[in-house]
Structure formats: structure tokens, C-alpha cells
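The structure file run.pdb is reproduced below (PDB, C-alpha atoms).
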```pdb
MODEL        1
ATOM      1  CA  MET S   1      -0.785   3.218  -5.958  1.00  0.00           C
ATOM      2  CA  LYS S   2       1.124   0.027  -5.233  1.00  0.00           C
ATOM      3  CA  GLU S   3       4.805  -0.050  -4.325  1.00  0.00           C
ATOM      4  CA  ILE S   4       6.831  -2.790  -5.994  1.00  0.00           C
ATOM      5  CA  PRO S   5      10.290  -3.357  -4.461  1.00  0.00           C
ATOM      6  CA  ILE S   6      13.049  -3.831  -7.047  1.00  0.00           C
ATOM      7  CA  LEU S   7      16.620  -5.063  -6.728  1.00  0.00           C
ATOM      8  CA  TYR S   8      18.415  -3.428  -9.664  1.00  0.00           C
ATOM      9  CA  GLY S   9      21.493  -4.713 -11.497  1.00  0.00           C
ATOM     10  CA  GLY S  10      23.849  -7.541 -10.683  1.00  0.00           C
ATOM     11  CA  GLU S  11      22.736 -11.100 -11.378  1.00  0.00           C
ATOM     12  CA  THR S  12      19.078 -10.053 -11.289  1.00  0.00           C
ATOM     13  CA  GLY S  13      19.540  -7.188 -13.755  1.00  0.00           C
ATOM     14  CA  PRO S  14      22.097  -8.313 -16.333  1.00  0.00           C
ATOM     15  CA  ASP S  15      21.155  -5.599 -18.871  1.00  0.00           C
ATOM     16  CA  LEU S  16      21.306  -2.576 -16.550  1.00  0.00           C
ATOM     17  CA  GLU S  17      24.828  -1.545 -17.590  1.00  0.00           C
ATOM     18  CA  TYR S  18      24.040  -2.227 -21.258  1.00  0.00           C
ATOM     19  CA  CYS S  19      20.955   0.019 -21.006  1.00  0.00           C
ATOM     20  CA  ALA S  20      23.073   2.758 -19.413  1.00  0.00           C
ATOM     21  CA  ARG S  21      25.512   2.553 -22.327  1.00  0.00           C
ATOM     22  CA  LEU S  22      22.631   2.759 -24.823  1.00  0.00           C
ATOM     23  CA  GLU S  23      21.375   5.897 -23.059  1.00  0.00           C
ATOM     24  CA  GLN S  24      24.915   7.277 -22.672  1.00  0.00           C
ATOM     25  CA  THR S  25      24.327   7.691 -18.957  1.00  0.00           C
ATOM     26  CA  SER S  26      24.964   5.960 -15.638  1.00  0.00           C
ATOM     27  CA  THR S  27      23.234   2.942 -14.145  1.00  0.00           C
ATOM     28  CA  GLU S  28      22.098   5.241 -11.340  1.00  0.00           C
ATOM     29  CA  GLU S  29      20.300   7.417 -13.895  1.00  0.00           C
ATOM     30  CA  ILE S  30      18.562   4.374 -15.436  1.00  0.00           C
ATOM     31  CA  ILE S  31      17.407   3.365 -11.943  1.00  0.00           C
ATOM     32  CA  ARG S  32      16.284   6.925 -11.188  1.00  0.00           C
ATOM     33  CA  LYS S  33      14.229   7.110 -14.390  1.00  0.00           C
ATOM     34  CA  HIS S  34      12.678   3.727 -13.655  1.00  0.00           C
ATOM     35  CA  SER S  35      11.888   4.332  -9.990  1.00  0.00           C
ATOM     36  CA  GLU S  36      11.082   8.042  -9.838  1.00  0.00           C
ATOM     37  CA  HIS S  37       7.945   7.952 -11.971  1.00  0.00           C
ATOM     38  CA  GLU S  38       4.579   6.263 -11.661  1.00  0.00           C
ATOM     39  CA  TYR S  39       3.561   3.533 -14.091  1.00  0.00           C
ATOM     40  CA  TYR S  40       0.052   2.765 -15.302  1.00  0.00           C
ATOM     41  CA  VAL S  41      -0.895  -0.908 -15.763  1.00  0.00           C
ATOM     42  CA  TYR S  42      -2.727  -0.816 -19.062  1.00  0.00           C
ATOM     43  CA  MET S  43      -3.216  -4.566 -19.537  1.00  0.00           C
ATOM     44  CA  LEU S  44      -2.354  -8.068 -18.396  1.00  0.00           C
ATOM     45  CA  GLY S  45      -1.144 -10.293 -21.201  1.00  0.00           C
ATOM     46  CA  PHE S  46       1.233 -12.804 -22.760  1.00  0.00           C
ATOM     47  CA  ALA S  47       1.189 -14.926 -19.566  1.00  0.00           C
ATOM     48  CA  PRO S  48      -1.346 -14.984 -16.706  1.00  0.00           C
ATOM     49  CA  GLY S  49      -0.925 -11.893 -14.546  1.00  0.00           C
ATOM     50  CA  HIS S  50       1.794 -10.397 -16.789  1.00  0.00           C
ATOM     51  CA  PRO S  51       1.386  -6.605 -16.329  1.00  0.00           C
ATOM     52  CA  TYR S  52       2.275  -4.260 -19.161  1.00  0.00           C
ATOM     53  CA  MET S  53       3.008  -0.852 -17.655  1.00  0.00           C
ATOM     54  CA  ALA S  54       3.791   2.551 -19.131  1.00  0.00           C
ATOM     55  CA  ARG S  55       5.133   5.772 -17.684  1.00  0.00           C
ATOM     56  CA  PHE S  56       4.633   9.088 -19.359  1.00  0.00           C
ATOM     57  CA  GLU S  57       7.773  10.966 -18.309  1.00  0.00           C
ATOM     58  CA  GLU S  58      11.388  10.506 -19.417  1.00  0.00           C
ATOM     59  CA  PRO S  59      11.177   7.537 -21.816  1.00  0.00           C
ATOM     60  CA  TYR S  60      14.309   5.565 -22.597  1.00  0.00           C
ATOM     61  CA  SER S  61      15.547   5.754 -26.195  1.00  0.00           C
ATOM     62  CA  PHE S  62      16.260   2.017 -26.511  1.00  0.00           C
ATOM     63  CA  LYS S  63      13.822  -0.628 -27.703  1.00  0.00           C
ATOM     64  CA  ARG S  64      13.703  -4.403 -27.420  1.00  0.00           C
ATOM     65  CA  ARG S  65      16.858  -6.484 -27.672  1.00  0.00           C
ATOM     66  CA  GLU S  66      17.886  -7.563 -31.179  1.00  0.00           C
ATOM     67  CA  SER S  67      17.945 -11.213 -30.057  1.00  0.00           C
ATOM     68  CA  PRO S  68      15.265 -12.328 -27.586  1.00  0.00           C
ATOM     69  CA  ARG S  69      16.215 -14.733 -24.833  1.00  0.00           C
ATOM     70  CA  VAL S  70      14.557 -18.151 -24.895  1.00  0.00           C
ATOM     71  CA  LYS S  71      14.109 -18.057 -21.128  1.00  0.00           C
ATOM     72  CA  ILE S  72      14.331 -15.390 -18.417  1.00  0.00           C
ATOM     73  CA  PRO S  73      13.598 -15.830 -14.695  1.00  0.00           C
ATOM     74  CA  ALA S  74      10.250 -15.227 -13.067  1.00  0.00           C
ATOM     75  CA  ARG S  75      10.011 -11.878 -11.234  1.00  0.00           C
ATOM     76  CA  SER S  76      12.392 -10.180 -13.712  1.00  0.00           C
ATOM     77  CA  VAL S  77      11.840  -6.470 -14.345  1.00  0.00           C
ATOM     78  CA  VAL S  78      12.157  -5.667 -18.045  1.00  0.00           C
ATOM     79  CA  VAL S  79      12.143  -2.338 -19.896  1.00  0.00           C
ATOM     80  CA  GLN S  80      12.086  -0.607 -23.267  1.00  0.00           C
ATOM     81  CA  LEU S  81      11.101   2.942 -24.292  1.00  0.00           C
ATOM     82  CA  ASN S  82       8.501   4.087 -21.701  1.00  0.00           C
ATOM     83  CA  LEU S  83       7.385   0.531 -20.859  1.00  0.00           C
ATOM     84  CA  SER S  84       8.199  -1.777 -17.967  1.00  0.00           C
ATOM     85  CA  ASP S  85       6.890  -5.284 -17.326  1.00  0.00           C
ATOM     86  CA  LEU S  86       7.110  -7.728 -14.443  1.00  0.00           C
ATOM     87  CA  ILE S  87       7.635 -11.292 -15.623  1.00  0.00           C
ATOM     88  CA  PRO S  88       5.315 -13.719 -13.764  1.00  0.00           C
ATOM     89  CA  PHE S  89       6.891 -17.027 -14.849  1.00  0.00           C
ATOM     90  CA  GLU S  90      10.082 -18.246 -16.465  1.00  0.00           C
ATOM     91  CA  GLN S  91       9.418 -17.424 -20.118  1.00  0.00           C
ATOM     92  CA  PRO S  92      10.931 -16.081 -23.356  1.00  0.00           C
ATOM     93  CA  CYS S  93      11.453 -12.334 -23.587  1.00  0.00           C
ATOM     94  CA  GLY S  94      13.094  -9.825 -25.889  1.00  0.00           C
ATOM     95  CA  TRP S  95      13.170  -6.923 -23.456  1.00  0.00           C
ATOM     96  CA  ASN S  96      16.091  -5.648 -21.346  1.00  0.00           C
ATOM     97  CA  ILE S  97      16.314  -7.085 -17.810  1.00  0.00           C
ATOM     98  CA  ILE S  98      17.294  -4.400 -15.283  1.00  0.00           C
ATOM     99  CA  GLY S  99      16.294  -6.051 -12.005  1.00  0.00           C
ATOM    100  CA  SER S 100      14.014  -8.353 -10.089  1.00  0.00           C
ATOM    101  CA  THR S 101      11.181  -8.031  -7.604  1.00  0.00           C
ATOM    102  CA  PRO S 102      10.885 -10.360  -4.613  1.00  0.00           C
ATOM    103  CA  LEU S 103       7.102 -10.385  -5.063  1.00  0.00           C
ATOM    104  CA  ASP S 104       5.110 -13.091  -6.798  1.00  0.00           C
ATOM    105  CA  ILE S 105       3.527 -11.587  -9.911  1.00  0.00           C
ATOM    106  CA  CYS S 106       1.103 -14.493 -10.180  1.00  0.00           C
ATOM    107  CA  ASN S 107       0.356 -17.070  -7.487  1.00  0.00           C
ATOM    108  CA  PHE S 108      -2.482 -19.481  -8.194  1.00  0.00           C
ATOM    109  CA  LYS S 109      -2.561 -20.564  -4.529  1.00  0.00           C
ATOM    110  CA  LYS S 110      -4.164 -17.207  -3.680  1.00  0.00           C
ATOM    111  CA  GLU S 111      -7.841 -16.347  -4.095  1.00  0.00           C
ATOM    112  CA  ASP S 112      -6.785 -13.330  -6.171  1.00  0.00           C
ATOM    113  CA  PRO S 113      -3.705 -14.728  -7.963  1.00  0.00           C
ATOM    114  CA  PHE S 114      -2.530 -11.540  -9.714  1.00  0.00           C
ATOM    115  CA  LEU S 115      -0.316  -8.942  -8.015  1.00  0.00           C
ATOM    116  CA  LEU S 116      -1.545  -6.178 -10.319  1.00  0.00           C
ATOM    117  CA  SER S 117      -4.654  -5.441 -12.369  1.00  0.00           C
ATOM    118  CA  ALA S 118      -5.297  -3.272 -15.395  1.00  0.00           C
ATOM    119  CA  GLY S 119      -5.903   0.275 -14.175  1.00  0.00           C
ATOM    120  CA  ASP S 120      -3.489   0.079 -11.215  1.00  0.00           C
ATOM    121  CA  TRP S 121      -0.777   2.673 -10.690  1.00  0.00           C
ATOM    122  CA  VAL S 122       2.659   1.422  -9.643  1.00  0.00           C
ATOM    123  CA  ARG S 123       5.806   2.916  -8.188  1.00  0.00           C
ATOM    124  CA  HIS S 124       9.035   0.886  -8.288  1.00  0.00           C
ATOM    125  CA  VAL S 125      11.077   1.197  -5.088  1.00  0.00           C
ATOM    126  CA  PRO S 126      14.805   0.333  -5.114  1.00  0.00           C
ATOM    127  CA  VAL S 127      15.837  -2.130  -2.393  1.00  0.00           C
ATOM    128  CA  THR S 128      19.128  -3.627  -1.255  1.00  0.00           C
ATOM    129  CA  LYS S 129      19.968  -7.318  -1.571  1.00  0.00           C
ATOM    130  CA  GLU S 130      19.290  -7.737   2.163  1.00  0.00           C
ATOM    131  CA  GLU S 131      15.874  -6.064   1.867  1.00  0.00           C
ATOM    132  CA  TYR S 132      15.098  -8.164  -1.222  1.00  0.00           C
ATOM    133  CA  ASP S 133      15.951 -11.400   0.625  1.00  0.00           C
ATOM    134  CA  ARG S 134      13.884 -10.386   3.685  1.00  0.00           C
ATOM    135  CA  ILE S 135      10.865  -9.457   1.563  1.00  0.00           C
ATOM    136  CA  ARG S 136      11.201 -12.689  -0.424  1.00  0.00           C
ATOM    137  CA  ARG S 137      11.158 -14.730   2.829  1.00  0.00           C
ATOM    138  CA  ASP S 138       8.065 -12.808   3.956  1.00  0.00           C
ATOM    139  CA  VAL S 139       6.377 -13.475   0.588  1.00  0.00           C
ATOM    140  CA  GLU S 140       7.158 -17.195   0.845  1.00  0.00           C
ATOM    141  CA  ASN S 141       5.787 -17.232   4.429  1.00  0.00           C
ATOM    142  CA  GLY S 142       2.640 -15.393   3.348  1.00  0.00           C
ATOM    143  CA  THR S 143       3.290 -12.444   5.665  1.00  0.00           C
ATOM    144  CA  TYR S 144       4.288  -9.711   3.195  1.00  0.00           C
ATOM    145  CA  GLN S 145       1.744  -6.997   2.461  1.00  0.00           C
ATOM    146  CA  VAL S 146       2.180  -4.849  -0.646  1.00  0.00           C
ATOM    147  CA  LYS S 147       2.292  -1.189   0.325  1.00  0.00           C
ATOM    148  CA  THR S 148      -0.631   0.655  -1.186  1.00  0.00           C
ATOM    149  CA  TYR S 149      -1.750   4.259  -0.910  1.00  0.00           C
ATOM    150  CA  GLY S 150      -3.951   6.730  -2.706  1.00  0.00           C
ATOM    151  CA  ALA S 151      -6.607   5.367  -5.046  1.00  0.00           C
ATOM    152  CA  ASN S 152      -5.692   1.677  -4.401  1.00  0.00           C
ATOM    153  CA  GLU S 153      -6.190   1.850  -0.606  1.00  0.00           C
TER     154      GLU S 153
ENDMDL
END
```

If you took the structure in this file and wrote it as C-alpha cells, what would it be?
Amino acid sequence: MKEIPILYGGETGPDLEYCARLEQTSTEEIIRKHSEHEYYVYMLGFAPGHPYMARFEEPYSFKRRESPRVKIPARSVVVQLNLSDLIPFEQPCGWNIIGSTPLDICNFKKEDPFLLSAGDWVRHVPVTKEEYDRIRRDVENGTYQVKTYGANE
């Protein structure tokens, strides 16, 4: 299991409130559903290191956006139904953006450039803006270590 820190909502998650309205619930409930369950990385695709992940409990009822965006930021966290992806590079996307991770999804300067691999299990961990900024600095300095436990240790 790998823990992926996520800053939900605000500028980094412009669709969080929209998703809550679609589900007829609160933003806190969207975050709970996203962060309380484990996700399985079933493939990398679309862009190098782009993990497609699924959870098996409490799917959302909403699907992709009707109009895809031409460009969304790298490290965005996007969702639909029971799926959640981490966006490795600035790219087009039709999914709903609910947050951002401070981690690099793909970094070709590393020997192993991909944060995740097919077959990994992931848990999303909510963080504050201050925690996000601190982790991002540590990532940029090369000192951050992804928390792993269980089968991925």
C-alpha cells in the first residue's frame, strides 16, 4: 500500500463542489469516499506513468464531464464513478478535478520514473495546504519518501 497525499478542493480541486452537487451530498462526503477506501492501480496509460485506479466500495454516480478541458495541471486528482487517476503532466482531460497531490507522478530524472505501477494498492490521504507545500518542497529537494506499508514494503 502506498499513501498519496491529496489537497482537496480550492484552486487545486475546482470540481469538488460540483461533484458534491451531482451526488447531492457535501464536499466532506466526497472527500471521505475518495480517501477512506483503497484503490487498485490496474494500468498505466494515456501518458507515461498515468495510473488508472479503481476502488470497489461506494462508487460515485457521476461520470466524465460533458465538455473535456483542453489542459489540466500536472498532479491533478481526477474522478468519475469508482475510478480515480493522478495526472502526470499537463494534458487534456474530461474527468472531474477534485484535488492535487504534491508528488511527482512521473519524473524521468529518477531511475524508476513512475510513482505507481500496475498492481499497486493506494490510499489517498487528505492534507492541509501547509502540509502540501512542505511535501512539495521535500519532493523538489529529493528528500520525500512515499509512505508504504503492507504488500508494497

task: Name the closest residue to Gly49 of chain S among the candidates S:Thr128, S:Asn107, S:Thr27, S:Thr148; distances are taken between atoms, counting only C-alpha atoms.
output: S:Asn107

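Taking all atoms listed in the file into account, Gln24 of chain S lies nearest to S:Phe62 out of the set S:Val78, S:Ser67, S:Phe62, S:Glu140.
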
task: Using the chain letters and numbers from the file, give me the residues hit by the PyMOL selection byres ((chain S and resi 66) around 12), as number ranges by chain.
output: S: 62-65, 67-69, 93-96

field: Residue members of the PyMOL selection byres ((chain S and resi 85-87) around 8) in the file shown, as a list in words
entry: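 Applying the expression gives His50, Pro51, Tyr52, Met53, Pro73, Ala74, Arg75, Ser76, Val77, Val78, Val79, Leu83, Ser84, Pro88, Phe89, Glu90, Gln91, Thr101 and Ile105 of chain S.
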
message: Using all atoms listed in the file for the distances, tell me which of S:Val70, S:Leu103, S:Glu57, S:Glu28 is nearest to Asp133 of chain S.
response: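 Using all atoms listed in the file, Asp133 of chain S sits closest to S:Leu103.
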
Just want the 8 Å neighbourhood of segment 119-127 of chain S, counted on only C-alpha atoms, with same-chain residues fewer than 6 positions away dropped. Output as a PDB file with C-alpha atoms, in the coordinates of the input.
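Saved file part.pdb follows:
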```pdb
ATOM      1  CA  MET S   1      -0.785   3.218  -5.958  1.00  0.00           C
ATOM      2  CA  LYS S   2       1.124   0.027  -5.233  1.00  0.00           C
ATOM      3  CA  GLU S   3       4.805  -0.050  -4.325  1.00  0.00           C
ATOM      4  CA  ILE S   4       6.831  -2.790  -5.994  1.00  0.00           C
ATOM      5  CA  PRO S   5      10.290  -3.357  -4.461  1.00  0.00           C
ATOM      6  CA  ILE S   6      13.049  -3.831  -7.047  1.00  0.00           C
ATOM      7  CA  LEU S   7      16.620  -5.063  -6.728  1.00  0.00           C
ATOM      8  CA  TYR S   8      18.415  -3.428  -9.664  1.00  0.00           C
ATOM      9  CA  ILE S  31      17.407   3.365 -11.943  1.00  0.00           C
ATOM     10  CA  HIS S  34      12.678   3.727 -13.655  1.00  0.00           C
ATOM     11  CA  SER S  35      11.888   4.332  -9.990  1.00  0.00           C
ATOM     12  CA  GLU S  36      11.082   8.042  -9.838  1.00  0.00           C
ATOM     13  CA  HIS S  37       7.945   7.952 -11.971  1.00  0.00           C
ATOM     14  CA  GLU S  38       4.579   6.263 -11.661  1.00  0.00           C
ATOM     15  CA  TYR S  39       3.561   3.533 -14.091  1.00  0.00           C
ATOM     16  CA  TYR S  40       0.052   2.765 -15.302  1.00  0.00           C
ATOM     17  CA  VAL S  41      -0.895  -0.908 -15.763  1.00  0.00           C
ATOM     18  CA  TYR S  42      -2.727  -0.816 -19.062  1.00  0.00           C
ATOM     19  CA  MET S  43      -3.216  -4.566 -19.537  1.00  0.00           C
ATOM     20  CA  ASN S 152      -5.692   1.677  -4.401  1.00  0.00           C
TER      21      ASN S 152
END
```

Gap from atom CA of Phe46 of chain S to atom CA of Lys147 of chain S - Å, one decimal: 25.9 Å

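For the set S:Gln145, S:Ser100, S:Gly10, S:Lys71, the residue with the smallest atom-to-atom gap to Leu115 of chain S is S:Gln145, counting only C-alpha atoms.
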
query: Which residues, protein or nucleic acid, reach to within 12 Å of (-0.8, -11.9, 1.9) in the file's coordinates when using all atoms listed in the file, and can you give that as a count of residues only?
result: 21

- prompt: Can you tell me how far atom CA of Ala47 of chain S sits from atom CA of Tyr149 of chain S, in Å to one decimal?
  reply: 26.9 Å

query: Any idea what the distance is between atom CA of Pro14 of chain S and atom CA of Phe108 of chain S?
result: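 These two atoms are separated by 28.2 Å.
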
- prompt: S:Gln80, S:Gly99, S:Arg134, S:Glu58: which is nearest Leu22 of chain S, counting all atoms listed in the file?
  reply: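 Residue with the minimum atom-to-atom distance to Leu22 of chain S: S:Gln80.
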
message: On this structure, the PyMOL selection byres ((chain S and resi 82) around 6) would catch which residues? List them as number ranges by chain, sorted by chain and number.
response: S: 54-55, 59, 81, 83
